[in-house]
>>> print(open('upload.csv').read())   # CSV, C-alpha atoms
chain,number,residue,atom,x,y,z
A,5,MET,CA,-154.8,-46.7,-91.6
A,6,THR,CA,-155.5,-49.8,-93.6
A,7,SER,CA,-153.9,-49.9,-97.1
A,8,TYR,CA,-154.9,-51.7,-100.3
A,9,ARG,CA,-153.2,-51.9,-103.6
A,10,ILE,CA,-155.7,-51.9,-106.5
A,11,ALA,CA,-155.1,-53.0,-110.1
A,12,LEU,CA,-157.0,-50.7,-112.5
A,13,ILE,CA,-157.9,-52.0,-116.0
A,14,PRO,CA,-159.8,-49.1,-117.7
A,15,GLY,CA,-160.1,-51.1,-120.9
A,16,ASP,CA,-162.1,-49.6,-123.8
A,17,GLY,CA,-164.5,-46.8,-124.5
A,18,ILE,CA,-166.3,-45.4,-121.4
A,19,GLY,CA,-164.3,-47.8,-119.2
A,20,ALA,CA,-161.6,-45.1,-119.0
A,21,GLU,CA,-164.3,-42.5,-118.1
A,22,VAL,CA,-166.0,-44.4,-115.2
A,23,LEU,CA,-163.1,-45.6,-113.3
A,24,PRO,CA,-161.7,-42.2,-112.2
A,25,PRO,CA,-165.0,-41.3,-110.6
A,26,ALA,CA,-165.0,-44.6,-108.8
A,27,GLN,CA,-161.4,-44.0,-107.6
A,28,ALA,CA,-162.3,-40.5,-106.4
A,29,LEU,CA,-165.2,-41.9,-104.4
A,30,LEU,CA,-163.1,-44.7,-102.9
A,31,ASP,CA,-160.5,-42.2,-101.8
A,32,ALA,CA,-163.1,-39.8,-100.3
A,33,VAL,CA,-164.9,-42.6,-98.4
A,34,GLY,CA,-161.5,-44.1,-97.4
A,35,ARG,CA,-160.5,-40.9,-95.7
A,36,ARG,CA,-163.5,-41.1,-93.5
A,37,HIS,CA,-162.9,-44.7,-92.6
A,38,GLY,CA,-159.1,-44.9,-92.3
A,39,ILE,CA,-158.6,-46.7,-95.6
A,40,GLN,CA,-155.9,-45.8,-98.1
A,41,PHE,CA,-155.7,-47.0,-101.7
A,42,THR,CA,-152.8,-47.1,-104.1
A,43,TYR,CA,-153.5,-47.8,-107.8
A,44,ASP,CA,-151.6,-49.4,-110.6
A,45,SER,CA,-153.1,-48.9,-114.0
A,46,PHE,CA,-152.8,-51.3,-116.9
A,47,ASP,CA,-153.5,-50.5,-120.6
A,48,TRP,CA,-155.0,-54.0,-121.4
A,49,SER,CA,-157.6,-53.3,-124.0
A,50,CYS,CA,-158.7,-53.8,-127.6
A,51,GLN,CA,-156.4,-50.9,-128.5
A,52,ARG,CA,-153.5,-52.9,-127.2
A,53,TYR,CA,-154.7,-55.9,-129.1
A,54,ALA,CA,-154.8,-53.9,-132.3
A,55,ALA,CA,-151.2,-52.6,-131.7
A,56,GLU,CA,-149.6,-55.7,-130.2
A,57,GLY,CA,-151.8,-58.7,-131.1
A,58,ALA,CA,-152.8,-59.5,-127.4
A,59,MET,CA,-155.2,-58.0,-125.0
A,60,MET,CA,-152.6,-58.2,-122.2
A,61,PRO,CA,-149.0,-59.3,-122.0
A,62,ALA,CA,-148.0,-62.9,-121.5
A,63,ASP,CA,-147.1,-62.3,-117.9
A,64,GLY,CA,-150.2,-60.1,-117.3
A,65,LEU,CA,-151.8,-62.4,-114.7
A,66,GLN,CA,-148.6,-62.5,-112.7
A,67,GLN,CA,-148.4,-58.7,-112.7
A,68,ILE,CA,-151.8,-58.4,-110.9
A,69,ARG,CA,-151.6,-61.6,-108.9
A,70,HIS,CA,-150.6,-59.9,-105.6
A,71,HIS,CA,-152.9,-56.9,-105.8
A,72,ASP,CA,-155.7,-56.8,-103.2
A,73,SER,CA,-158.4,-56.3,-105.9
A,74,VAL,CA,-158.9,-55.5,-109.5
A,75,LEU,CA,-161.2,-52.7,-110.8
A,76,LEU,CA,-162.2,-53.1,-114.5
A,77,GLY,CA,-163.9,-50.4,-116.6
A,78,ALA,CA,-165.2,-52.1,-119.8
A,79,VAL,CA,-163.9,-54.2,-122.6
A,80,GLY,CA,-164.9,-54.2,-126.3
A,81,TRP,CA,-164.4,-52.1,-129.4
A,82,PRO,CA,-165.5,-52.2,-133.0
A,83,GLY,CA,-163.0,-54.1,-135.2
A,84,VAL,CA,-162.0,-56.6,-132.4
A,85,PRO,CA,-164.4,-59.6,-132.3
A,86,ASP,CA,-166.0,-60.0,-128.9
A,87,HIS,CA,-164.8,-63.5,-128.4
A,88,VAL,CA,-161.2,-62.2,-128.8
A,89,SER,CA,-161.6,-59.4,-126.2
A,90,LEU,CA,-163.4,-61.7,-123.8
A,91,TRP,CA,-161.1,-64.7,-124.0
A,92,GLY,CA,-158.0,-62.6,-124.2
A,93,LEU,CA,-158.7,-60.8,-120.9
A,94,LEU,CA,-161.7,-61.3,-118.7
A,95,ILE,CA,-162.0,-65.1,-118.9
A,96,PRO,CA,-158.3,-65.7,-118.2
A,97,ILE,CA,-158.5,-63.5,-115.1
A,98,ARG,CA,-161.7,-65.1,-113.9
A,99,ARG,CA,-160.4,-68.7,-114.3
A,100,SER,CA,-156.8,-68.3,-113.3
A,101,PHE,CA,-157.8,-66.5,-110.2
A,102,GLN,CA,-160.7,-68.9,-109.4
A,103,GLN,CA,-163.3,-66.1,-109.4
A,104,TYR,CA,-166.0,-68.7,-109.5
A,105,VAL,CA,-168.8,-66.5,-108.1
A,106,ASN,CA,-170.2,-63.7,-110.3
A,107,LEU,CA,-172.4,-61.6,-108.0
A,108,ARG,CA,-174.9,-59.2,-109.4
A,109,PRO,CA,-177.2,-57.3,-107.0
A,110,ILE,CA,-180.4,-55.8,-108.6
A,111,ARG,CA,-182.5,-53.1,-107.0
A,112,VAL,CA,-185.1,-50.6,-108.1
A,113,LEU,CA,-183.6,-47.3,-107.0
A,114,ASP,CA,-185.2,-44.0,-106.2
A,115,GLY,CA,-184.6,-41.9,-109.3
A,116,VAL,CA,-184.4,-44.9,-111.7
A,117,PRO,CA,-187.9,-45.8,-112.6
A,118,SER,CA,-188.5,-49.4,-113.6
A,119,PRO,CA,-190.2,-50.1,-116.9
A,120,LEU,CA,-192.6,-52.3,-115.0
A,121,ARG,CA,-195.5,-50.3,-113.8
A,122,ASN,CA,-195.9,-52.1,-110.5
A,123,ALA,CA,-192.2,-52.2,-109.5
A,124,GLY,CA,-191.4,-49.2,-107.3
A,125,THR,CA,-188.4,-48.2,-105.2
A,126,GLY,CA,-187.6,-51.0,-102.8
A,127,ASP,CA,-189.9,-53.5,-104.5
A,128,VAL,CA,-187.1,-55.3,-106.3
A,129,ASP,CA,-184.1,-56.3,-104.3
A,130,LEU,CA,-182.4,-59.5,-105.4
A,131,VAL,CA,-179.0,-61.0,-106.2
A,132,VAL,CA,-178.1,-63.2,-109.1
A,133,VAL,CA,-175.3,-65.6,-108.2
A,134,ARG,CA,-173.8,-66.9,-111.4
A,135,GLU,CA,-171.3,-69.8,-111.7
A,136,ASN,CA,-168.4,-68.0,-113.4
A,137,VAL,CA,-165.7,-70.4,-114.5
A,138,GLU,CA,-167.2,-73.5,-116.1
A,139,GLY,CA,-170.6,-74.5,-117.4
A,140,GLU,CA,-171.6,-73.6,-120.9
A,141,TYR,CA,-168.6,-71.3,-121.4
A,142,SER,CA,-166.0,-74.0,-121.9
A,143,GLU,CA,-163.2,-74.3,-124.3
A,144,ILE,CA,-164.1,-77.8,-125.3
A,145,GLY,CA,-165.4,-78.2,-128.8
A,146,GLY,CA,-164.5,-77.3,-132.4
A,147,ARG,CA,-165.5,-76.7,-136.0
A,148,LEU,CA,-165.5,-79.2,-138.8
A,149,GLY,CA,-165.8,-78.7,-142.5
A,150,ARG,CA,-165.5,-75.0,-142.5
A,151,GLY,CA,-167.2,-73.3,-145.4
A,152,THR,CA,-168.8,-76.4,-146.7
A,153,ALA,CA,-172.4,-77.5,-146.8
A,154,ASP,CA,-171.7,-80.0,-144.1
A,155,GLU,CA,-170.0,-77.6,-141.7
A,156,LEU,CA,-170.7,-78.2,-138.1
A,157,ALA,CA,-169.8,-76.7,-134.7
A,158,VAL,CA,-169.6,-78.6,-131.4
A,159,GLN,CA,-169.5,-76.8,-128.0
A,160,GLU,CA,-169.4,-78.9,-124.8
A,161,ALA,CA,-170.7,-77.7,-121.5
A,162,VAL,CA,-168.7,-78.7,-118.4
A,163,PHE,CA,-170.4,-79.1,-115.0
A,164,THR,CA,-168.3,-80.5,-112.1
A,165,ARG,CA,-169.5,-81.6,-108.7
A,166,LYS,CA,-166.9,-79.2,-107.1
A,167,GLY,CA,-167.8,-76.3,-109.4
A,168,VAL,CA,-171.6,-76.5,-108.9
A,169,THR,CA,-171.5,-77.3,-105.2
A,170,ARG,CA,-169.3,-74.4,-104.2
A,171,VAL,CA,-171.3,-71.7,-106.1
A,172,VAL,CA,-174.6,-73.1,-104.8
A,173,GLU,CA,-173.1,-73.2,-101.2
A,174,TYR,CA,-172.3,-69.5,-101.7
A,175,ALA,CA,-175.8,-68.7,-102.8
A,176,TYR,CA,-177.4,-70.5,-99.8
A,177,ALA,CA,-175.0,-68.8,-97.3
A,178,LEU,CA,-175.8,-65.4,-98.9
A,179,ALA,CA,-179.6,-66.1,-98.6
A,180,GLU,CA,-179.2,-66.8,-94.9
A,181,SER,CA,-178.0,-63.2,-94.6
A,182,ARG,CA,-180.8,-61.8,-96.6
A,183,GLY,CA,-184.3,-63.2,-97.2
A,184,ASN,CA,-183.7,-67.0,-96.7
A,185,HIS,CA,-184.9,-67.8,-100.2
A,186,VAL,CA,-183.0,-69.4,-103.1
A,187,THR,CA,-184.3,-69.9,-106.6
A,188,SER,CA,-182.3,-72.3,-108.8
A,189,ALA,CA,-182.4,-71.7,-112.5
A,190,THR,CA,-182.5,-75.0,-114.4
A,191,LYS,CA,-183.7,-76.6,-117.7
A,192,SER,CA,-183.7,-80.2,-116.7
A,193,ASN,CA,-186.8,-81.0,-118.7
A,194,GLY,CA,-184.9,-80.4,-121.9
A,195,ILE,CA,-181.1,-80.6,-121.2
A,196,VAL,CA,-180.8,-84.3,-120.2
A,197,HIS,CA,-177.4,-84.6,-118.5
A,198,THR,CA,-176.0,-81.4,-117.1
A,199,MET,CA,-179.2,-79.8,-115.7
A,200,PRO,CA,-180.4,-82.9,-113.8
A,201,PHE,CA,-176.9,-83.1,-112.4
A,202,TRP,CA,-177.2,-79.4,-111.4
A,203,ASP,CA,-180.6,-80.1,-109.8
A,204,GLU,CA,-179.2,-83.0,-107.8
A,205,LEU,CA,-176.4,-81.0,-106.4
A,206,VAL,CA,-178.6,-78.1,-105.5
A,207,ALA,CA,-180.9,-80.5,-103.6
A,208,GLU,CA,-177.9,-81.8,-101.7
A,209,VAL,CA,-176.8,-78.3,-100.6
A,210,ALA,CA,-180.4,-77.4,-99.8
A,211,GLN,CA,-180.6,-80.2,-97.2
A,212,GLN,CA,-177.7,-78.6,-95.3
A,213,HIS,CA,-179.6,-75.2,-95.1
A,214,PRO,CA,-183.1,-76.2,-93.8
A,215,SER,CA,-184.0,-72.6,-92.8
A,216,VAL,CA,-183.7,-71.5,-96.5
A,217,ARG,CA,-186.7,-71.8,-98.7
A,218,SER,CA,-185.8,-73.4,-102.0
A,219,ASP,CA,-187.4,-73.1,-105.4
A,220,LYS,CA,-186.5,-74.7,-108.8
A,221,GLU,CA,-187.5,-72.8,-111.9
A,222,HIS,CA,-187.0,-73.7,-115.6
A,223,ILE,CA,-185.1,-70.9,-117.2
A,224,ASP,CA,-187.8,-69.9,-119.7
A,225,ALA,CA,-190.5,-69.7,-117.0
A,226,LEU,CA,-188.0,-67.9,-114.7
A,227,ALA,CA,-187.4,-65.3,-117.3
A,228,ALA,CA,-191.1,-64.6,-117.5
A,229,LYS,CA,-191.6,-64.5,-113.7
A,230,LEU,CA,-188.7,-62.0,-113.3
A,231,VAL,CA,-190.7,-59.6,-115.5
A,232,LEU,CA,-194.2,-60.4,-114.1
A,233,ALA,CA,-193.3,-60.6,-110.4
A,234,PRO,CA,-189.6,-59.6,-109.7
A,235,GLU,CA,-190.4,-58.9,-106.0
A,236,ARG,CA,-190.8,-62.6,-105.3
A,237,PHE,CA,-187.1,-63.3,-105.7
A,238,ASP,CA,-184.3,-63.0,-103.2
A,239,VAL,CA,-181.2,-65.0,-104.4
A,240,ILE,CA,-181.2,-66.6,-107.8
A,241,VAL,CA,-178.4,-69.1,-108.5
A,242,GLY,CA,-177.6,-70.3,-112.0
A,243,SER,CA,-175.1,-71.7,-114.4
A,244,ASN,CA,-172.7,-69.5,-116.3
A,245,LEU,CA,-175.0,-69.0,-119.3
A,246,PHE,CA,-178.3,-68.8,-117.3
A,247,GLY,CA,-176.8,-66.5,-114.7
A,248,ASP,CA,-175.4,-64.2,-117.4
A,249,ILE,CA,-178.7,-63.8,-119.2
A,250,LEU,CA,-180.8,-63.5,-116.0
A,251,SER,CA,-178.6,-60.8,-114.5
A,252,ASP,CA,-178.9,-58.6,-117.5
A,253,LEU,CA,-182.7,-59.2,-117.7
A,254,ALA,CA,-183.0,-58.4,-114.0
A,255,ALA,CA,-181.0,-55.2,-114.4
A,256,ALA,CA,-183.3,-54.1,-117.2
A,257,VAL,CA,-186.3,-54.8,-114.9
A,258,ALA,CA,-184.7,-52.5,-112.3
A,259,GLY,CA,-184.6,-49.7,-114.8
A,260,SER,CA,-181.2,-49.6,-116.5
A,261,ILE,CA,-178.3,-51.9,-117.2
A,262,GLY,CA,-176.2,-48.8,-117.0
A,263,VAL,CA,-176.2,-48.7,-113.2
A,264,ALA,CA,-175.6,-52.4,-112.7
A,265,PRO,CA,-172.5,-53.6,-110.9
A,266,ALA,CA,-170.8,-57.0,-110.8
A,267,ALA,CA,-168.2,-58.8,-108.6
A,268,ASN,CA,-166.1,-61.7,-109.8
A,269,LEU,CA,-165.3,-63.3,-106.5
A,270,ASN,CA,-162.7,-65.7,-105.2
A,271,PRO,CA,-164.4,-66.3,-101.9
A,272,GLU,CA,-161.4,-68.1,-100.4
A,273,ARG,CA,-159.3,-64.9,-101.1
A,274,GLU,CA,-156.4,-66.9,-102.4
A,275,PHE,CA,-156.4,-64.6,-105.4
A,276,PRO,CA,-157.6,-61.1,-106.0
A,277,SER,CA,-161.3,-60.6,-106.9
A,278,MET,CA,-162.4,-58.3,-109.8
A,279,PHE,CA,-165.1,-55.7,-109.8
A,280,GLU,CA,-166.7,-54.2,-112.9
A,281,PRO,CA,-169.8,-52.3,-114.1
A,282,VAL,CA,-172.0,-54.3,-116.5
A,283,HIS,CA,-172.7,-51.6,-119.0
A,284,GLY,CA,-169.9,-52.4,-121.5
A,285,SER,CA,-167.7,-50.0,-123.4
A,286,ALA,CA,-170.5,-48.0,-125.2
A,287,PRO,CA,-168.4,-46.8,-128.2
A,288,ASP,CA,-171.3,-44.6,-129.4
A,289,ILE,CA,-170.9,-42.2,-126.4
A,290,ALA,CA,-167.2,-42.7,-125.6
A,291,GLY,CA,-165.3,-39.4,-125.1
A,292,GLN,CA,-168.5,-37.3,-124.8
A,293,GLY,CA,-168.8,-37.0,-121.1
A,294,LYS,CA,-172.1,-38.9,-121.1
A,295,ALA,CA,-171.0,-42.0,-119.3
A,296,ASN,CA,-172.9,-43.0,-116.2
A,297,PRO,CA,-170.3,-43.8,-113.5
A,298,LEU,CA,-172.9,-45.3,-111.1
A,299,GLY,CA,-172.2,-48.9,-112.1
A,300,ALA,CA,-168.5,-48.4,-111.4
A,301,MET,CA,-169.2,-46.7,-108.1
A,302,TRP,CA,-171.5,-49.5,-107.0
A,303,SER,CA,-168.8,-52.0,-108.1
A,304,ALA,CA,-166.3,-50.1,-105.9
A,305,ALA,CA,-168.7,-50.4,-103.0
A,306,MET,CA,-168.9,-54.2,-103.5
A,307,MET,CA,-165.1,-54.2,-103.5
A,308,LEU,CA,-165.1,-52.4,-100.1
A,309,ASP,CA,-167.5,-54.9,-98.7
A,310,HIS,CA,-165.5,-57.8,-100.0
A,311,LEU,CA,-162.3,-56.3,-98.4
A,312,GLY,CA,-164.1,-56.2,-95.1
A,313,HIS,CA,-165.4,-52.7,-94.8
A,314,PRO,CA,-169.2,-52.8,-95.0
A,315,GLU,CA,-169.7,-49.5,-93.3
A,316,ALA,CA,-167.6,-47.7,-95.8
A,317,SER,CA,-169.4,-49.6,-98.6
A,318,GLY,CA,-172.7,-48.4,-97.2
A,319,ASP,CA,-171.5,-44.8,-97.0
A,320,LEU,CA,-170.4,-44.9,-100.6
A,321,LEU,CA,-173.8,-46.3,-101.8
A,322,ALA,CA,-175.7,-43.8,-99.7
A,323,ALA,CA,-173.9,-41.0,-101.4
A,324,ALA,CA,-174.4,-42.4,-104.9
A,325,PHE,CA,-178.0,-43.4,-104.4
A,326,GLY,CA,-178.7,-40.1,-102.6
A,327,ALA,CA,-177.6,-38.1,-105.7
A,328,LEU,CA,-180.1,-40.2,-107.7
A,329,ALA,CA,-182.9,-39.7,-105.2
A,330,ASP,CA,-182.3,-35.9,-105.4
A,331,GLY,CA,-182.9,-36.0,-109.1
A,332,ILE,CA,-179.3,-35.8,-110.3
A,333,SER,CA,-178.7,-38.3,-113.1
A,334,THR,CA,-177.0,-38.8,-116.5
A,335,ALA,CA,-178.7,-38.8,-119.8
A,336,ASP,CA,-179.2,-42.5,-120.0
A,337,LEU,CA,-181.5,-42.2,-117.0
A,338,GLY,CA,-183.3,-39.1,-118.4
A,339,GLY,CA,-181.2,-36.6,-116.5
A,340,THR,CA,-179.0,-33.7,-117.6
A,341,ALA,CA,-175.9,-34.2,-115.6
A,342,ASP,CA,-172.7,-35.2,-117.4
A,343,THR,CA,-170.2,-37.7,-115.9
A,344,ALA,CA,-168.3,-35.0,-114.0
A,345,ALA,CA,-171.4,-33.3,-112.6
A,346,PHE,CA,-172.9,-36.6,-111.3
A,347,THR,CA,-169.5,-37.4,-109.7
A,348,ARG,CA,-169.3,-34.0,-108.0
A,349,ALA,CA,-172.8,-34.5,-106.6
A,350,VAL,CA,-171.9,-37.9,-105.1
A,351,LEU,CA,-168.6,-36.6,-103.7
A,352,ASP,CA,-170.3,-33.6,-102.1
A,353,ARG,CA,-172.5,-36.1,-100.2
A,354,VAL,CA,-169.5,-38.0,-99.0
A,355,SER,CA,-167.8,-34.8,-97.8
A,356,ALA,CA,-170.9,-33.4,-96.0
A,357,PRO,CA,-170.9,-33.7,-92.2
A,358,ALA,CA,-172.5,-36.9,-91.0
A,359,THR,CA,-175.9,-36.4,-89.3
A,360,VAL,CA,-176.7,-38.0,-85.9
A,361,SER,CA,-180.2,-39.3,-85.3
A,362,ALA,CA,-181.8,-38.4,-81.9
>>> encode(input="upload.csv", output="structure tokens")
Amino acid sequence: MTSYRIALIPGDGIGAEVLPPAQALLDAVGRRHGIQFTYDSFDWSCQRYAAEGAMMPADGLQQIRHHDSVLLGAVGWPGVPDHVSLWGLLIPIRRSFQQYVNLRPIRVLDGVPSPLRNAGTGDVDLVVVRENVEGEYSEIGGRLGRGTADELAVQEAVFTRKGVTRVVEYAYALAESRGNHVTSATKSNGIVHTMPFWDELVAEVAQQHPSVRSDKEHIDALAAKLVLAPERFDVIVGSNLFGDILSDLAAAVAGSIGVAPAANLNPEREFPSMFEPVHGSAPDIAGQGKANPLGAMWSAAMMLDHLGHPEASGDLLAAAFGALADGISTADLGGTADTAAFTRAVLDRVSAPATVSA
């Protein structure tokens, strides 16, 4: 029996509703594969910020430093500015634990129709690799002359050779295990320093991976092509901002941001990695049993894969995707199942006897 200790951060809104289904599924799959999980839950959230003035305690990072992984529900609540909740929790975890790869797989699934009329099940299967700790989301900058007619704001983007090279290396290695195609998101025709630097470093890495086909696309054209021809893409690598926008756009192309997962990876495994659904805290449906737990389940499958259990990860996804294919889905996907009913349907598929092909 292999054991793992998982830090749970339910966060806000439906975050607390989607993590228990993911836990139940992890435990069920774990029993079939000889994997055991123990969980420590942390109340780090906007509610905590409102009560104590901080999203997490001063020693919060140390409290989860030695866990094997982190599972996050969602963060954000009305009354707490988004930059407060983000910079008070997610970004410190990502940066302190060097989770420099944000990995977002995108697929058109059976049971989740794409809004694009020509994108059917299996037609879209790509991964966005987003640089996750530097780039446009830096802390360098400031405001001057607040409240005056001459007020200004300066925000500096930070691109380092180390930071760009390592995330691009990850993207090319990933492509070698998939479709051998990398598309780099850039804007070097308009952003005169950082984007040409990005392009140069991508070209250096590409030379070391001659079997991988390489494309460079300006971000505006790339956004259009993701809608017009999403099937042409395999691995897309982009800066923090570009990757953030493209991954949400691609999830919408696949039918719903509500099912999209994300992994914040420290590939060297010096620190725990963090896994989270993309859908956000959804205050408008919190507490009503309407939350779709698929994004959290898929994130849990990514965690299993990262921990070295691809077969268990595959079983988890087969059960979750199987429920969708059988027409069982939550209201956001046009179905009638509530959170509990969808979870039961997935768990039933994990518990069913495995079939053996002749």
>>> residues_around(input="upload.csv", residues="range 299-316 of chain A", least_positions_apart="6", cutoff="6 Å", atoms="all atoms listed in the file", output="list in words")
Ala26, Val263, Ala264, Pro265, Phe279, Glu280 and Pro281 of chain A
>>> residues_around(input="upload.csv", residues="range 50-64 of chain A", least_positions_apart="4", cutoff="8 Å", atoms="all atoms listed in the file", output="list in words")
Gly15, Asp16, Ile68, Val79, Gly80, Trp81, Val84, Ser89, Gly92 and Leu93 of chain A
>>> closest_residue(input="upload.csv", among="A:Ile144, A:Ala335, A:Leu232, A:Met5", to="Ala161 in chain A", atoms="all atoms listed in the file")
A:Ile144
>>> atom_distance(input="upload.csv", atom1="CA of Arg236 in chain A", atom2="CA of Leu321 in chain A")
23.8 Å
>>> residues_near_point(input="upload.csv", point="(-153.1, -56.2, -112.9)", cutoff="12 Å", atoms="only C-alpha atoms", output="count of residues only")
37
>>> atom_distance(input="upload.csv", atom1="CA of Asp114 in chain A", atom2="CA of Arg348 in chain A")
18.9 Å
>>> atom_distance(input="upload.csv", atom1="CA of Pro271 in chain A", atom2="CA of Val239 in chain A")
17.0 Å
>>> closest_atom_pairs(input="upload.csv", of="range 142-258 of chain A", to="range 118-131 of chain A", cutoff="7 Å", atoms="all atoms listed in the file", output="JSON lines")
{"residue": "A:Pro234", "atom": "CA", "partner": "A:Val128", "partner_atom": "CA", "distance": 6.0}
{"residue": "A:Glu235", "atom": "CA", "partner": "A:Val128", "partner_atom": "CA", "distance": 4.9}
{"residue": "A:Phe237", "atom": "CA", "partner": "A:Leu130", "partner_atom": "CA", "distance": 6.1}
{"residue": "A:Asp238", "atom": "CA", "partner": "A:Leu130", "partner_atom": "CA", "distance": 4.5}
{"residue": "A:Val239", "atom": "CA", "partner": "A:Val131", "partner_atom": "CA", "distance": 4.9}
{"residue": "A:Ile240", "atom": "CA", "partner": "A:Val131", "partner_atom": "CA", "distance": 6.2}
{"residue": "A:Val257", "atom": "CA", "partner": "A:Ser118", "partner_atom": "CA", "distance": 6.0}
{"residue": "A:Ala258", "atom": "CA", "partner": "A:Ser118", "partner_atom": "CA", "distance": 5.1}
>>> write_last_selection(input="upload.csv", atoms="C-alpha atoms", output="compact mmCIF listing (two decimals), in the coordinates of the input")
# COMPACT_ATOMS: atom_id res chain seq x y z
CA PRO A 234 -189.60 -59.60 -109.70
CA GLU A 235 -190.40 -58.90 -106.00
CA PHE A 237 -187.10 -63.30 -105.70
CA ASP A 238 -184.30 -63.00 -103.20
CA VAL A 239 -181.20 -65.00 -104.40
CA ILE A 240 -181.20 -66.60 -107.80
CA VAL A 257 -186.30 -54.80 -114.90
CA ALA A 258 -184.70 -52.50 -112.30
>>> closest_residue(input="upload.csv", among="A:Gly247, A:Gly139, A:Gly338, A:Gly151", to="Met199 in chain A", atoms="only C-alpha atoms")
A:Gly139
>>> closest_residue(input="upload.csv", among="A:Pro82, A:Ala344, A:Ile223, A:Ser181", to="Ile332 in chain A", atoms="all atoms listed in the file")
A:Ala344
>>> residues_around(input="upload.csv", residues="Thr198 in chain A", least_positions_apart="6", cutoff="8 Å", atoms="all atoms listed in the file", output="PDB file with C-alpha atoms, in the coordinates of the input")
ATOM      1  CA  ALA A 161    -170.700 -77.700-121.500  1.00  0.00           C
ATOM      2  CA  VAL A 162    -168.700 -78.700-118.400  1.00  0.00           C
ATOM      3  CA  PHE A 163    -170.400 -79.100-115.000  1.00  0.00           C
ATOM      4  CA  SER A 192    -183.700 -80.200-116.700  1.00  0.00           C
TER       5      SER A 192
END
>>> closest_residue(input="upload.csv", among="A:Ala189, A:Arg273, A:Gly259, A:Gly284", to="Leu113 in chain A", atoms="only C-alpha atoms")
A:Gly259
>>> closest_residue(input="upload.csv", among="A:Gln27, A:Ser215, A:Thr164, A:Asn136", to="Trp202 in chain A", atoms="all atoms listed in the file")
A:Thr164
>>> residues_around(input="upload.csv", residues="Leu337 in chain A", least_positions_apart="3", cutoff="9 Å", atoms="all atoms listed in the file", output="number ranges by chain")
A: 115-117, 259-260, 262, 296, 333-334, 340
>>> closest_residue(input="upload.csv", among="A:Glu274, A:Ala324, A:Asp219, A:Ile261", to="Leu298 in chain A", atoms="all atoms listed in the file")
A:Ala324
>>> residues_near_point(input="upload.csv", point="(-177.3, -76.8, -101.6)", cutoff="7 Å", atoms="all atoms listed in the file", output="NGL selection string")
:A and (169 or 172-173 or 176 or 205-212)
